[in-house]
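K.L.:
mmCIF, C-alpha atoms, saved as my_file-v2.cif, coming up:
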data_query
#
loop_
_atom_site.label_atom_id
_atom_site.label_comp_id
_atom_site.auth_asym_id
_atom_site.auth_seq_id
_atom_site.Cartn_x
_atom_site.Cartn_y
_atom_site.Cartn_z
CA MET L 15 -13.77 2.00 -22.11
CA ARG L 16 -14.72 5.67 -21.96
CA ILE L 17 -14.69 7.64 -18.74
CA GLN L 18 -16.66 10.87 -18.83
CA GLN L 19 -15.86 13.41 -16.18
CA SER L 20 -18.67 15.26 -14.42
CA ALA L 21 -20.58 17.75 -16.55
CA GLN L 22 -19.40 20.59 -14.32
CA PRO L 23 -15.90 22.08 -14.45
CA PRO L 24 -13.19 20.99 -13.98
CA TYR L 25 -14.14 17.67 -15.57
CA ARG L 26 -15.47 18.45 -19.01
CA LEU L 27 -12.81 16.38 -20.73
CA ALA L 28 -13.71 12.89 -21.89
CA VAL L 29 -10.85 10.46 -22.49
CA ASP L 30 -11.37 7.64 -24.95
CA ASP L 31 -9.91 4.26 -23.94
CA PRO L 32 -7.91 5.41 -20.88
CA ILE L 33 -5.21 3.05 -19.66
CA ILE L 34 -5.97 4.03 -16.03
CA ALA L 35 -9.41 5.08 -14.79
CA ILE L 36 -9.76 6.52 -11.28
CA ARG L 37 -13.21 7.00 -9.74
CA ASN L 38 -14.19 8.53 -6.40
CA LEU L 39 -10.78 7.87 -4.85
CA ASP L 40 -10.31 8.82 -1.20
CA LEU L 41 -7.12 8.19 0.76
CA TYR L 42 -6.64 8.56 4.50
CA TYR L 43 -3.56 8.51 6.71
CA GLY L 44 -5.24 7.44 9.92
CA GLU L 45 -8.03 9.98 10.38
CA ALA L 46 -6.46 12.60 8.11
CA GLN L 47 -7.81 12.63 4.55
CA ALA L 48 -5.08 13.24 1.96
CA LEU L 49 -7.04 12.64 -1.27
CA LYS L 50 -10.67 13.64 -1.68
CA ASP L 51 -13.02 12.11 -4.26
CA ILE L 52 -10.53 11.98 -7.15
CA THR L 53 -12.03 11.01 -10.51
CA VAL L 54 -9.77 11.19 -13.55
CA ALA L 55 -8.77 9.17 -16.62
CA ILE L 56 -5.14 8.77 -17.68
CA PRO L 57 -4.82 8.79 -21.50
CA ARG L 58 -2.89 5.97 -23.13
CA ARG L 59 0.54 6.75 -24.60
CA GLN L 60 0.41 10.38 -23.58
CA VAL L 61 2.21 12.34 -20.88
CA THR L 62 -0.01 13.41 -17.98
CA ALA L 63 1.41 15.87 -15.42
CA PHE L 64 0.21 16.31 -11.84
CA ILE L 65 0.90 19.85 -10.62
CA GLY L 66 0.09 21.75 -7.46
CA PRO L 67 1.76 23.23 -4.37
CA SER L 68 3.74 21.11 -1.92
CA GLY L 69 1.53 18.88 0.17
CA CYS L 70 -1.42 18.97 -2.23
CA GLY L 71 -1.47 15.18 -2.75
CA LYS L 72 0.09 14.83 -6.18
CA SER L 73 2.83 12.38 -5.13
CA THR L 74 0.35 10.48 -2.96
CA LEU L 75 -1.94 10.11 -5.98
CA LEU L 76 0.97 8.97 -8.14
CA ARG L 77 1.92 6.29 -5.61
CA CYS L 78 -1.66 4.99 -5.65
CA LEU L 79 -1.13 3.88 -9.25
CA ASN L 80 1.30 1.10 -8.29
CA ARG L 81 0.28 0.68 -4.64
CA LEU L 82 3.41 2.12 -3.11
CA ASN L 83 1.17 3.61 -0.44
CA ASP L 84 0.76 0.05 0.83
CA LEU L 85 4.16 0.57 2.46
CA VAL L 86 2.81 3.38 4.66
CA ASP L 87 1.22 2.47 8.00
CA SER L 88 -2.40 3.47 8.63
CA VAL L 89 -3.26 4.14 4.97
CA ARG L 90 -6.87 3.48 3.99
CA ILE L 91 -8.13 3.81 0.41
CA THR L 92 -11.65 3.77 -0.95
CA GLY L 93 -12.88 4.16 -4.50
CA SER L 94 -11.69 2.55 -7.70
CA ILE L 95 -8.45 2.55 -9.69
CA LYS L 96 -8.47 0.37 -12.79
CA LEU L 97 -5.47 -0.46 -14.96
CA GLU L 98 -7.18 -1.68 -18.09
CA ALA L 99 -9.84 -4.01 -16.60
CA MET L 100 -7.88 -4.81 -13.41
CA GLU L 101 -8.93 -3.22 -10.13
CA ILE L 102 -5.54 -2.23 -8.69
CA ASN L 103 -6.60 -2.38 -5.03
CA SER L 104 -8.23 -5.79 -5.24
CA GLY L 105 -6.93 -8.25 -2.69
CA ASP L 106 -6.08 -10.83 -5.34
CA VAL L 107 -3.82 -8.51 -7.36
CA ASP L 108 -0.18 -9.60 -7.55
CA VAL L 109 1.54 -6.39 -6.45
CA ILE L 110 4.88 -7.46 -7.93
CA GLU L 111 3.24 -7.96 -11.30
CA LEU L 112 1.42 -4.62 -10.93
CA ARG L 113 4.72 -2.86 -10.33
CA ARG L 114 6.16 -4.54 -13.41
CA ARG L 115 3.31 -3.13 -15.48
CA VAL L 116 3.51 0.25 -13.76
CA GLY L 117 7.16 1.22 -13.33
CA MET L 118 8.46 4.02 -11.11
CA VAL L 119 11.26 6.57 -11.38
CA PHE L 120 11.89 8.50 -8.18
CA GLN L 121 12.94 12.06 -7.44
CA ALA L 122 16.32 10.98 -6.08
CA TYR L 123 18.08 8.81 -8.64
CA ASN L 124 18.73 5.49 -6.97
CA PRO L 125 20.95 3.13 -8.97
CA PHE L 126 21.95 -0.05 -7.21
CA PRO L 127 25.62 -0.42 -6.20
CA LYS L 128 26.15 -2.77 -9.11
CA SER L 129 27.43 -2.48 -12.65
CA ILE L 130 25.53 -0.49 -15.26
CA TYR L 131 24.55 -3.75 -16.94
CA GLU L 132 23.32 -5.40 -13.75
CA ASN L 133 21.25 -2.34 -12.89
CA VAL L 134 19.38 -2.56 -16.17
CA VAL L 135 18.71 -6.31 -16.07
CA TYR L 136 17.96 -6.50 -12.35
CA GLY L 137 14.18 -6.73 -12.81
CA LEU L 138 14.57 -9.37 -15.50
CA ARG L 139 16.73 -11.50 -13.23
CA ILE L 140 14.13 -11.17 -10.46
CA ALA L 141 11.53 -12.36 -12.98
CA GLY L 142 13.61 -15.47 -13.65
CA VAL L 143 15.25 -14.54 -16.96
CA ARG L 144 18.64 -16.24 -17.09
CA LYS L 145 19.51 -16.52 -20.79
CA ARG L 146 22.42 -14.21 -21.47
CA SER L 147 21.39 -13.37 -25.03
CA ILE L 148 17.99 -12.16 -23.82
CA LEU L 149 19.53 -10.12 -21.00
CA ASP L 150 22.03 -8.58 -23.42
CA GLU L 151 19.35 -7.64 -25.93
CA GLU L 152 17.06 -6.14 -23.30
CA ALA L 153 19.93 -4.19 -21.76
CA ARG L 154 20.79 -2.71 -25.15
CA ARG L 155 17.15 -1.96 -26.00
CA SER L 156 16.46 -0.33 -22.66
CA LEU L 157 19.60 1.79 -22.67
CA GLN L 158 18.84 2.91 -26.22
CA SER L 159 15.28 3.80 -25.22
CA ALA L 160 16.67 5.79 -22.30
CA ALA L 161 19.10 7.63 -24.63
CA LEU L 162 22.07 6.27 -22.69
CA TRP L 163 23.44 3.46 -24.86
CA GLU L 164 25.98 5.50 -26.80
CA GLU L 165 27.42 6.92 -23.59
CA VAL L 166 27.85 3.63 -21.74
CA LYS L 167 28.01 0.80 -24.31
CA ASP L 168 31.76 0.37 -23.79
CA ARG L 169 31.59 0.46 -19.98
CA LEU L 170 28.66 -1.75 -19.07
CA GLY L 171 30.75 -3.60 -16.49
CA GLU L 172 31.65 -0.41 -14.61
CA SER L 173 29.87 0.70 -11.47
CA ALA L 174 26.69 2.69 -12.00
CA MET L 175 27.79 4.89 -9.13
CA ALA L 176 30.46 6.42 -11.39
CA LEU L 177 27.85 7.98 -13.69
CA SER L 178 26.79 11.61 -13.54
CA GLY L 179 23.49 12.51 -11.91
CA GLY L 180 21.70 12.88 -15.22
CA GLN L 181 23.11 9.58 -16.46
CA MET L 182 22.05 7.86 -13.22
CA GLN L 183 18.49 9.09 -13.70
CA ARG L 184 18.42 7.85 -17.29
CA LEU L 185 19.82 4.53 -16.04
CA CYS L 186 16.92 4.31 -13.59
CA ILE L 187 14.55 4.94 -16.49
CA ALA L 188 16.29 2.18 -18.47
CA ARG L 189 15.88 -0.15 -15.48
CA ALA L 190 12.15 0.60 -15.43
CA ILE L 191 11.84 0.08 -19.20
CA ALA L 192 13.67 -3.27 -19.17
CA VAL L 193 10.69 -5.18 -17.73
CA ASN L 194 8.38 -3.85 -20.47
CA PRO L 195 5.93 -1.78 -18.41
CA GLU L 196 2.79 -0.22 -19.80
CA VAL L 197 3.00 2.87 -17.60
CA ILE L 198 6.01 4.78 -16.25
CA LEU L 199 5.47 6.95 -13.18
CA MET L 200 7.96 9.77 -12.56
CA ASP L 201 8.01 11.62 -9.25
CA GLU L 202 9.82 14.94 -9.86
CA PRO L 203 12.54 13.17 -11.87
CA CYS L 204 14.47 16.36 -12.67
CA SER L 205 14.40 18.16 -9.33
CA ALA L 206 17.98 17.09 -8.45
CA LEU L 207 19.41 17.71 -11.94
CA ASP L 208 21.10 20.65 -13.62
CA PRO L 209 19.46 22.35 -16.64
CA ILE L 210 21.39 20.33 -19.23
CA ALA L 211 20.54 16.99 -17.62
CA THR L 212 16.95 18.18 -17.19
CA ALA L 213 16.73 18.90 -20.93
CA HIS L 214 17.95 15.35 -21.67
CA ILE L 215 15.25 13.86 -19.43
CA GLU L 216 12.55 16.07 -20.96
CA ASP L 217 13.56 15.01 -24.47
CA LEU L 218 13.49 11.41 -23.28
CA ILE L 219 9.99 11.78 -21.84
CA ASP L 220 8.77 13.04 -25.20
CA ALA L 221 10.29 10.00 -26.92
CA LEU L 222 8.97 7.52 -24.36
CA LYS L 223 5.32 8.35 -24.96
CA LYS L 224 5.53 6.71 -28.38
CA THR L 225 5.66 3.39 -26.52
CA TYR L 226 4.59 4.03 -22.92
CA THR L 227 2.07 6.01 -20.92
CA VAL L 228 3.95 8.50 -18.73
CA VAL L 229 2.58 10.14 -15.58
CA ILE L 230 4.82 12.78 -14.06
CA VAL L 231 4.66 14.78 -10.84
CA THR L 232 6.45 18.09 -11.16
CA HIS L 233 6.63 21.24 -9.08
CA ASN L 234 7.93 23.05 -12.18
CA MET L 235 5.00 24.44 -14.15
CA GLN L 236 7.21 25.35 -17.10
CA GLN L 237 8.30 21.72 -17.27
CA ALA L 238 4.69 20.53 -17.17
CA ALA L 239 3.88 22.89 -20.03
CA ARG L 240 6.85 21.61 -22.04
CA VAL L 241 6.53 17.86 -21.63
CA SER L 242 2.90 16.96 -20.94
CA ASP L 243 -0.15 16.48 -23.13
CA TYR L 244 -2.60 16.60 -20.22
CA THR L 245 -2.33 18.31 -16.84
CA ALA L 246 -4.14 17.77 -13.55
CA PHE L 247 -4.04 20.55 -10.94
CA LEU L 248 -4.41 19.38 -7.35
CA TYR L 249 -4.91 21.50 -4.25
CA LEU L 250 -5.45 20.34 -0.66
CA GLY L 251 -6.10 16.78 -1.79
CA GLU L 252 -8.71 17.70 -4.38
CA MET L 253 -8.41 17.62 -8.16
CA ILE L 254 -9.34 21.14 -9.08
CA GLU L 255 -8.98 20.85 -12.84
CA PHE L 256 -7.91 18.36 -15.50
CA ASN L 257 -7.60 19.14 -19.17
CA LYS L 258 -5.27 19.28 -22.12
CA THR L 259 -2.13 21.05 -21.05
CA ASP L 260 -2.38 23.97 -23.45
CA LEU L 261 -5.89 24.72 -22.16
CA ILE L 262 -4.85 24.44 -18.51
CA PHE L 263 -2.14 27.04 -19.06
CA THR L 264 -3.99 29.37 -21.43
CA GLN L 265 -7.71 28.97 -20.66
CA PRO L 266 -8.13 27.45 -17.19
CA GLU L 267 -11.75 26.97 -16.13
CA ARG L 268 -11.22 27.44 -12.42
CA ARG L 269 -10.08 30.58 -10.63
CA GLN L 270 -7.86 28.49 -8.34
CA THR L 271 -6.02 27.11 -11.37
CA GLN L 272 -5.58 30.59 -12.81
CA ASP L 273 -4.23 31.89 -9.50
CA TYR L 274 -1.78 29.02 -9.18
CA ILE L 275 -0.32 29.15 -12.68
CA THR L 276 0.04 32.94 -12.47
CA GLY L 277 1.89 32.70 -9.16
CA ARG L 278 -0.75 34.23 -6.90
CA PHE L 279 -0.35 31.33 -4.49
CA GLY L 280 1.60 28.10 -4.11
#
Step by step, read the file and then write its structure as structure tokens.
P.N.:
Amino acid sequence: MRIQQSAQPPYRLAVDDPIIAIRNLDLYYGEAQALKDITVAIPRRQVTAFIGPSGCGKSTLLRCLNRLNDLVDSVRITGSIKLEAMEINSGDVDVIELRRRVGMVFQAYNPFPKSIYENVVYGLRIAGVRKRSILDEEARRSLQSAALWEEVKDRLGESAMALSGGQMQRLCIARAIAVNPEVILMDEPCSALDPIATAHIEDLIDALKKTYTVVIVTHNMQQAARVSDYTAFLYLGEMIEFNKTDLIFTQPERRQTQDYITGRFG
């Protein structure tokens, strides 16, 4: 599948074989429109960043990708979001299965009040996996993928609440990885972390894209420039520009994008 953006800026970029294709997406909270005619393709096994000022709709758009907005009263969505060939908002979609395929890591790290081990295998247990050897192997694999294994391999039975903030966030990433998603959504995953922990997460994001598609919301433009391959700039619910990250930050096509990345507003 190939989704070609409109011939006019900001959508000159064509993405071959996107894993997620969004067309003409509108989202309303009651009568208030929060997202306006969003059309964009999310490249497979790349990092795509959503940037823009607070309240521009970037987290709302992110939550559309695994239907977390279903949990908000009065939400109405029109348009199309396809994960591979599956229309995400179809009434016959199994939302639990969708959220297995499209995992989520939140701004505030949220480990369960359980052991490190039980945090990682929680999703597998919910899915009915009971064989200890499988749980053990997936826990090891996921913690290694989240660059946490060496730090916790001798304390898997200890409470996850004893970890540092950065370790908790990597544990939440391991928990998302354990159920073998195709896409990992990250909503400002470093905003509560110190610079050292942030660097660990950014290195991890770079490693994860070898296996997963990563979509990240960040208010930190320097972080978007460091970790992402593609960047979408949103403003007042509209997607102003989408392109390869180096072009967004060095040769933006829209004046609004230029003003935002140079600090003239936002």
K.L.:
For Ala55 of chain L, list every protein, DNA or RNA residue within 8 Å, evaluated using only C-alpha atoms, and leave out those in the same chain fewer than 4 positions away; present the list as a PDB file with C-alpha atoms, in the coordinates of the input.
P.N.:
ATOM      1  CA  ILE L  17     -14.690   7.640 -18.740  1.00  0.00           C
ATOM      2  CA  VAL L  29     -10.850  10.460 -22.490  1.00  0.00           C
ATOM      3  CA  PRO L  32      -7.910   5.410 -20.880  1.00  0.00           C
ATOM      4  CA  ILE L  33      -5.210   3.050 -19.660  1.00  0.00           C
ATOM      5  CA  ILE L  34      -5.970   4.030 -16.030  1.00  0.00           C
ATOM      6  CA  ALA L  35      -9.410   5.080 -14.790  1.00  0.00           C
ATOM      7  CA  ILE L  36      -9.760   6.520 -11.280  1.00  0.00           C
TER       8      ILE L  36
END
K.L.:
Could you work out how far atom CA of Ser104 of chain L lies from atom CA of Leu82 of chain L, giving the answer in Å with one decimal?
P.N.:
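Atom CA of Ser104 of chain L lies 14.2 Å from atom CA of Leu82 of chain L.
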K.L.:
Using only C-alpha atoms, I'd like a table of the residues in segment 179-255 of chain L that come within 12 Å of segment 51-54 of chain L; for each, show the closest atom pair and its distance in Å rounded to one decimal, ordered by chain and ascending number, as JSON lines.
P.N.:
{"residue": "L:Tyr244", "atom": "CA", "partner": "L:Val54", "partner_atom": "CA", "distance": 11.2}
{"residue": "L:Thr245", "atom": "CA", "partner": "L:Val54", "partner_atom": "CA", "distance": 10.8}
{"residue": "L:Ala246", "atom": "CA", "partner": "L:Val54", "partner_atom": "CA", "distance": 8.7}
{"residue": "L:Phe247", "atom": "CA", "partner": "L:Val54", "partner_atom": "CA", "distance": 11.3}
{"residue": "L:Leu248", "atom": "CA", "partner": "L:Ile52", "partner_atom": "CA", "distance": 9.6}
{"residue": "L:Tyr249", "atom": "CA", "partner": "L:Ile52", "partner_atom": "CA", "distance": 11.4}
{"residue": "L:Leu250", "atom": "CA", "partner": "L:Ile52", "partner_atom": "CA", "distance": 11.7}
{"residue": "L:Gly251", "atom": "CA", "partner": "L:Ile52", "partner_atom": "CA", "distance": 8.4}
{"residue": "L:Glu252", "atom": "CA", "partner": "L:Ile52", "partner_atom": "CA", "distance": 6.6}
{"residue": "L:Met253", "atom": "CA", "partner": "L:Ile52", "partner_atom": "CA", "distance": 6.1}
{"residue": "L:Ile254", "atom": "CA", "partner": "L:Ile52", "partner_atom": "CA", "distance": 9.4}
{"residue": "L:Glu255", "atom": "CA", "partner": "L:Val54", "partner_atom": "CA", "distance": 9.7}
K.L.:
Expressed in Å to a single decimal, how great is the separation between atom CA of Ile95 of chain L and atom CA of Asp31 of chain L?
P.N.:
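Separation between atom CA of Ile95 of chain L and atom CA of Asp31 of chain L: 14.4 Å.
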K.L.:
Report as number ranges by chain the full result of the PyMOL selection byres ((chain L and resi 62-76) around 7) when it is applied to this structure.
P.N.:
L: 48-49, 56, 60-61, 77-79, 201, 228-233, 238, 242-251, 280
K.L.:
Step by step, work through what the PyMOL selection byres ((chain L and resi 176) around 12) selects in the shown file, and finish by giving those residues as a list in words.
P.N.:
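For this structure, the PyMOL selection byres ((chain L and resi 176) around 12) resolves to Pro125, Phe126, Pro127, Lys128, Ser129, Ile130, Val166, Arg169, Leu170, Gly171, Glu172, Ser173, Ala174, Met175, Leu177, Ser178, Gly179, Gly180, Gln181, Met182 and Leu185 of chain L.
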K.L.:
Please determine, counting only C-alpha atoms, which residue among L:Ile191, L:Thr227, L:Ala239, L:Ala46 has the shortest atom-to-atom distance to Val135 of chain L.
P.N.:
L:Ile191
K.L.:
One number please: atom CA of Lys223 of chain L to atom CA of Met200 of chain L, in Å, one decimal.
P.N.:
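Computing it gives 12.8 Å between the two atoms.
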K.L.:
Since I can't run it myself right now, could you work out what the PyMOL selection byres ((chain L and resi 123) around 8) selects here and report it as number ranges by chain?
P.N.:
L: 119-122, 124-125, 179, 182-183, 186, 203
K.L.:
Residues proximal to (9.7, -3.5, -18.1) were defined as those with any atom within 12 Å of that point in the file's coordinates, counting only C-alpha atoms. Which are they, as a short mmCIF file (atom, residue, chain, number, x, y, z; two decimals) with C-alpha atoms, in the frame of the given file?
P.N.:
data_model
loop_
_atom_site.label_atom_id
_atom_site.label_comp_id
_atom_site.auth_asym_id
_atom_site.auth_seq_id
_atom_site.Cartn_x
_atom_site.Cartn_y
_atom_site.Cartn_z
CA ILE L 110 4.88 -7.46 -7.93
CA GLU L 111 3.24 -7.96 -11.30
CA LEU L 112 1.42 -4.62 -10.93
CA ARG L 113 4.72 -2.86 -10.33
CA ARG L 114 6.16 -4.54 -13.41
CA ARG L 115 3.31 -3.13 -15.48
CA VAL L 116 3.51 0.25 -13.76
CA GLY L 117 7.16 1.22 -13.33
CA MET L 118 8.46 4.02 -11.11
CA VAL L 134 19.38 -2.56 -16.17
CA VAL L 135 18.71 -6.31 -16.07
CA TYR L 136 17.96 -6.50 -12.35
CA GLY L 137 14.18 -6.73 -12.81
CA LEU L 138 14.57 -9.37 -15.50
CA ARG L 139 16.73 -11.50 -13.23
CA ILE L 140 14.13 -11.17 -10.46
CA ALA L 141 11.53 -12.36 -12.98
CA GLU L 152 17.06 -6.14 -23.30
CA ALA L 153 19.93 -4.19 -21.76
CA ARG L 155 17.15 -1.96 -26.00
CA SER L 156 16.46 -0.33 -22.66
CA SER L 159 15.28 3.80 -25.22
CA CYS L 186 16.92 4.31 -13.59
CA ILE L 187 14.55 4.94 -16.49
CA ALA L 188 16.29 2.18 -18.47
CA ARG L 189 15.88 -0.15 -15.48
CA ALA L 190 12.15 0.60 -15.43
CA ILE L 191 11.84 0.08 -19.20
CA ALA L 192 13.67 -3.27 -19.17
CA VAL L 193 10.69 -5.18 -17.73
CA ASN L 194 8.38 -3.85 -20.47
CA PRO L 195 5.93 -1.78 -18.41
CA GLU L 196 2.79 -0.22 -19.80
CA VAL L 197 3.00 2.87 -17.60
CA ILE L 198 6.01 4.78 -16.25
CA THR L 225 5.66 3.39 -26.52
CA TYR L 226 4.59 4.03 -22.92
#
K.L.:
With distances taken over all atoms listed in the file, which residue among L:Asn83, L:Thr276, L:Thr271, L:Gln237 lies nearest Asn257 of chain L?
P.N.:
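Of L:Asn83, L:Thr276, L:Thr271, L:Gln237, the one nearest Asn257 of chain L is L:Thr271, counting all atoms listed in the file.
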K.L.:
Counting only C-alpha atoms, which of L:Ala161, L:Ile91, L:Leu85, L:Leu207 gets nearest to Leu41 of chain L?
P.N.:
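Smallest separation from Leu41 of chain L among the options: L:Ile91.
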K.L.:
N, CA and C atoms are needed for segment 206-222 of chain L; please write them out as a tab-separated table (two decimals), keeping the file's coordinate frame.
P.N.:
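Full text of part07.tsv as output:
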chain	number	residue	atom	x	y	z
L	206	ALA	N	16.59	17.11	-8.95
L	206	ALA	CA	17.98	17.09	-8.45
L	206	ALA	C	19.00	17.29	-9.57
L	207	LEU	N	18.53	17.66	-10.78
L	207	LEU	CA	19.41	17.71	-11.94
L	207	LEU	C	19.66	19.14	-12.39
L	208	ASP	N	20.79	19.33	-13.07
L	208	ASP	CA	21.10	20.65	-13.62
L	208	ASP	C	20.30	20.85	-14.91
L	209	PRO	N	20.30	22.08	-15.46
L	209	PRO	CA	19.46	22.35	-16.64
L	209	PRO	C	19.78	21.49	-17.85
L	210	ILE	N	21.05	21.15	-18.07
L	210	ILE	CA	21.39	20.33	-19.23
L	210	ILE	C	20.86	18.91	-19.06
L	211	ALA	N	21.06	18.33	-17.88
L	211	ALA	CA	20.54	16.99	-17.62
L	211	ALA	C	19.01	16.99	-17.65
L	212	THR	N	18.40	18.06	-17.15
L	212	THR	CA	16.95	18.18	-17.19
L	212	THR	C	16.45	18.16	-18.63
L	213	ALA	N	17.12	18.87	-19.52
L	213	ALA	CA	16.73	18.90	-20.93
L	213	ALA	C	16.80	17.51	-21.55
L	214	HIS	N	17.84	16.73	-21.18
L	214	HIS	CA	17.95	15.35	-21.67
L	214	HIS	C	16.75	14.52	-21.22
L	215	ILE	N	16.38	14.65	-19.95
L	215	ILE	CA	15.25	13.86	-19.43
L	215	ILE	C	13.95	14.29	-20.10
L	216	GLU	N	13.77	15.59	-20.31
L	216	GLU	CA	12.55	16.07	-20.96
L	216	GLU	C	12.45	15.57	-22.40
L	217	ASP	N	13.57	15.57	-23.11
L	217	ASP	CA	13.56	15.01	-24.47
L	217	ASP	C	13.23	13.53	-24.43
L	218	LEU	N	13.74	12.85	-23.43
L	218	LEU	CA	13.49	11.41	-23.28
L	218	LEU	C	12.01	11.15	-23.00
L	219	ILE	N	11.41	11.95	-22.14
L	219	ILE	CA	9.99	11.78	-21.84
L	219	ILE	C	9.16	11.90	-23.11
L	220	ASP	N	9.50	12.86	-23.95
L	220	ASP	CA	8.77	13.04	-25.20
L	220	ASP	C	8.91	11.81	-26.10
L	221	ALA	N	10.08	11.20	-26.10
L	221	ALA	CA	10.29	10.00	-26.92
L	221	ALA	C	9.58	8.79	-26.33
L	222	LEU	N	9.54	8.70	-25.01
L	222	LEU	CA	8.97	7.52	-24.36
L	222	LEU	C	7.47	7.36	-24.63
